[in-house]
Protein chains: 2
Amino acid sequence: MANGSTEPGQSKGGKSTLASSVYQQLRDDLLRGALESETKLRVEWVVSRYGAGASPVREALNRLAAEGLLGRHDQRGFFLMPVSAAELEELTRTRCWLEERALRESIAHRTAEWEEQLVLALHRLARAERRLPDDPTTNNPEWEKLHRAFHRALIAACRSHWLIGFCDQLSDQASRYRLIAQNAPGAGRDDLGEHRIIAERALDGDADGAVEALLNHYRITAAMCMERLAQGYDPRAGKSQRGRK
Amino acid sequence: MANGSTEPGQSKGGKSTLASSVYQQLRDDLLRGALESETKLRVEWVVSRYGAGASPVREALNRLAAEGLLGRHDQRGFFLMPVSAAELEELTRTRCWLEERALRESIAHRTAEWEEQLVLALHRLARAERRLPDDPTTNNPEWEKLHRAFHRALIAACRSHWLIGFCDQLSDQASRYRLIAQNAPGAGRDDLGEHRIIAERALDGDADGAVEALLNHYRITAAMCMERLAQGYDPRAGKSQRGRK
DNA sequence: ACGAAGTAGAATCTCGATAAAAAAAGCTGA
DNA sequence: TCAGCTTTTTTTATCGAGATTCTACTTCGT
């Protein structure tokens with residue numbers, strides 16, 4: 001499949017290859033929004049940045065392109081997929097469709113194991129700081145991981161690794177938009193509270209309630225990103241620069 | 001994204017690369033079930049079969065693995081994903097979830113253009129022969145293409161290229177199972193009739209009816225494949241060999 | 001000046017060879 | 001006979017150079 005963190009190949013003891021290593025690093029940087037200043041990814045550039053030959057780099061780029069994280073034109077190399085309001089809307093719409101189905105199935109087939117993993121994921125998320133303690137302007141990568149883990153735990157019991165993979169893929173895309181927009185704490189938004197409500201309702205078997213909370217969660221986030229996006233966003237700026245009246 | 005026939009890169013006039021060419025051929029052979037006798041894809045083997053260097057072949061394999069059409073283990077190469085009853089069931093389940101949503105959205109947002117493309121796709125499918133005229137034991141690749149095109153036309157108006165891509169991906173997987181099982185004409189199954197009913201209801205705006213017919217269509221197909229699968233299936237046999245009492 | 005054709009430069013893509021790893025075969029000693 | 005180790009063979013993964021293609025700039029003609 002084309003998901004991310006379930007990336008096979010090096011998982012079970014096997015030594016990782018250079019291609020996989022570059023793939024992993026590039027992917028992390030991509031989701032972290034660290035490469036948004038580039039519009040095109042020249043292989044020579046990637047080669048010098050991650051210290052590997054052209055062949056492994058090329059393989060990594062091919063994988064990422066197949067996943068939809070990069071674009072590719074034959075004889076014209078690889079490029080970062082452009083962001084747009086329309087794409088964000090379509091993304092959010094699709095995400096809501098898939099996550100709703102996944103969450104309902106997950107709740108319908110929940111097990112003790114699933115419940116435990118869910119409360120665990122919520123607990124860990126609650127413990128983490130969203131922003132870096134020393135630099136409150138940048139996001140905490142650790143929190144991002146736990147956030148992703150929480151949402152995956154929610155749908156883990158849906159009995160379809162395909163659906164889980166698709167949701168992961170969309171989650172990656174959304175993550176990119178969130179970090180591009182430097183999704184600030186939002187005027188008094190209660191992140192943790194939202195997650196807690198979703199989890200509680202899911203654990204209670206309240207499918208309709210959980211779905212409502214979850215979709216709301218996604219839509220609010222998307223709306224905030226959309227705002228920044230409309231406010232004028234320049235990919236070439238390292239840090240977000242708002243208010244360009 | 002990780003879909004198939006919408007494979008970018010060579011679409012608009014641009015000369016195709018060797019890697020893309022190998023990707024395309026390998027993918028066709030894969031979906032056609034022509035490689036089911038192999039369990040492992042050695043790069044040297046692929047190189048000699050498709051006439052290209054190791055680098056482009058390797059890139060093609062990486063793309064296919066990212067799409068889920070192949071498996072990969074670092075330092076251990078690429079292999080054909082094994083087939084199993086459990087996997088087929090999960091696949092069918094997921095497919096029904098996604099296609100239902102896609103079809104409902106497509107019908108809800110249908111346009112004149114969509115309707116025309118749909119009747120066109122149906123017409124073409126009706127014209128094609130399912131089996132090769134000269135050799136009725138093998139499927140007609142042309143029919144396969146048109147069949148796929150019909151199902152894509154159904155959901156084309158769903159307003160999400162993501163969802164369309166996911167459905168394509170699942171369709172590819174299902175296609176593999178169908179062709180592995182050499183899905184025979186089935187004891188008096190009316191393929192064309194089923195497709196016609198789906199299209200008619202969709203065109204009438206009868207979402208519930210269309211969805212019911214579509215899901216039934218998928219489930220019947222899956223059930224037939226499952227039968228062959230349970231009947232004992234040996235990947236190493238060129239032609240299907242039934243009845244191994 | 002403006003647009004088309006031509007030309008240097010840069011980037012992608014591909015090949016052949018080499019290094020590294022895994023699988024297979026052979027060997028030894030109970 | 002067989003488990004465990006060593007050697008050989010096979011296969012994968014990587015590098016560096018070269019061929020092909022694209023891009024941007026210059027030049028020429030109207």
# chains A, B, ... in the order shown; residues from 1 in each chain; ligands from 1
$ residues_around --residues "stretch 12-16 of chain D" --least-positions-apart "6" --cutoff "9 Å" --atoms "only C-alpha atoms (C1' of nucleotides)" --output "short mmCIF file (atom, residue, chain, number, x, y, z; two decimals) with N, CA and C atoms (P, O5', C5', C4', C3', O3' and C1' of nucleotides), in the first residue's frame"
data_model
loop_
_atom_site.label_atom_id
_atom_site.label_comp_id
_atom_site.auth_asym_id
_atom_site.auth_seq_id
_atom_site.Cartn_x
_atom_site.Cartn_y
_atom_site.Cartn_z
N THR A 17 18.32 -0.07 3.97
CA THR A 17 19.11 0.33 2.83
C THR A 17 19.23 1.84 2.81
N LEU A 18 20.14 2.34 2.00
CA LEU A 18 20.30 3.78 1.89
C LEU A 18 19.04 4.41 1.32
N ALA A 19 18.46 3.75 0.33
CA ALA A 19 17.24 4.28 -0.28
C ALA A 19 16.15 4.47 0.77
N ALA A 52 23.84 10.67 -0.09
CA ALA A 52 23.67 9.37 -0.71
C ALA A 52 23.80 9.57 -2.21
N GLY A 53 24.04 8.49 -2.91
CA GLY A 53 24.18 8.59 -4.35
C GLY A 53 22.87 8.92 -5.03
N ALA A 54 22.97 9.08 -6.33
CA ALA A 54 21.78 9.46 -7.08
C ALA A 54 20.76 8.31 -7.13
N SER A 55 21.26 7.10 -7.22
CA SER A 55 20.34 5.96 -7.38
C SER A 55 19.41 5.80 -6.18
N PRO A 56 19.94 5.70 -4.98
CA PRO A 56 19.02 5.55 -3.84
C PRO A 56 18.10 6.75 -3.69
N ARG B 42 13.20 -11.06 -9.35
CA ARG B 42 14.61 -10.67 -9.35
C ARG B 42 14.81 -9.56 -10.38
N VAL B 43 15.59 -8.58 -10.04
CA VAL B 43 15.75 -7.45 -10.95
C VAL B 43 16.40 -7.91 -12.25
N ASP B 74 13.85 -4.79 2.42
CA ASP B 74 15.18 -4.22 2.23
C ASP B 74 16.22 -5.33 2.17
N GLN B 75 17.11 -5.21 1.26
CA GLN B 75 18.21 -6.15 1.04
C GLN B 75 17.70 -7.52 0.61
N ARG B 76 16.45 -7.59 0.28
CA ARG B 76 15.90 -8.90 -0.05
C ARG B 76 15.03 -8.85 -1.30
N GLY B 77 14.95 -7.66 -1.88
CA GLY B 77 14.29 -7.55 -3.17
C GLY B 77 12.78 -7.44 -3.14
P DT C 18 34.81 -3.31 -12.00
"O5'" DT C 18 34.35 -3.03 -10.50
"C5'" DT C 18 34.35 -1.69 -10.01
"C4'" DT C 18 33.65 -1.64 -8.66
"C3'" DT C 18 34.07 -2.73 -7.67
"O3'" DT C 18 34.32 -2.12 -6.42
"C1'" DT C 18 31.73 -2.66 -7.85
P DA C 19 35.07 -2.90 -5.25
"O5'" DA C 19 34.01 -2.76 -4.06
"C5'" DA C 19 33.46 -1.48 -3.78
"C4'" DA C 19 32.25 -1.64 -2.88
"C3'" DA C 19 32.44 -2.55 -1.67
"O3'" DA C 19 31.75 -1.99 -0.57
"C1'" DA C 19 30.70 -3.40 -2.99
P DA C 20 31.98 -2.55 0.91
"O5'" DA C 20 30.56 -3.20 1.23
"C5'" DA C 20 29.38 -2.43 1.03
"C4'" DA C 20 28.16 -3.34 1.14
"C3'" DA C 20 28.21 -4.32 2.32
"O3'" DA C 20 26.98 -4.24 3.01
"C1'" DA C 20 27.71 -5.46 0.32
P DA C 21 26.85 -4.89 4.50
"O5'" DA C 21 25.70 -5.96 4.30
"C5'" DA C 21 24.53 -5.60 3.58
"C4'" DA C 21 23.90 -6.82 2.94
"C3'" DA C 21 23.68 -7.99 3.90
"O3'" DA C 21 22.29 -8.10 4.18
"C1'" DA C 21 24.50 -8.69 1.75
P DA C 22 21.73 -9.21 5.20
"O5'" DA C 22 21.30 -10.40 4.23
"C5'" DA C 22 20.40 -10.11 3.17
"C4'" DA C 22 20.30 -11.29 2.22
"C3'" DA C 22 19.86 -12.60 2.89
"O3'" DA C 22 18.83 -13.16 2.11
"C1'" DA C 22 21.83 -12.94 1.64
#
$ atom_distance --atom1 "atom CA of B:Ala34" --atom2 "atom CA of B:His161"
29.1 Å
$ select_by_dssp --residues "stretch 117-235 of chain B" --states "helix (DSSP H, G or I)" --output "PyMOL selection string"
chain B and resi 117-127+141-154+161-180+191-204+207-230
$ residues_around --residues "C:DA10" --least-positions-apart "5" --cutoff "10 Å" --atoms "only C-alpha atoms (C1' of nucleotides)" --output "PyMOL selection string"
chain D and resi 22-24
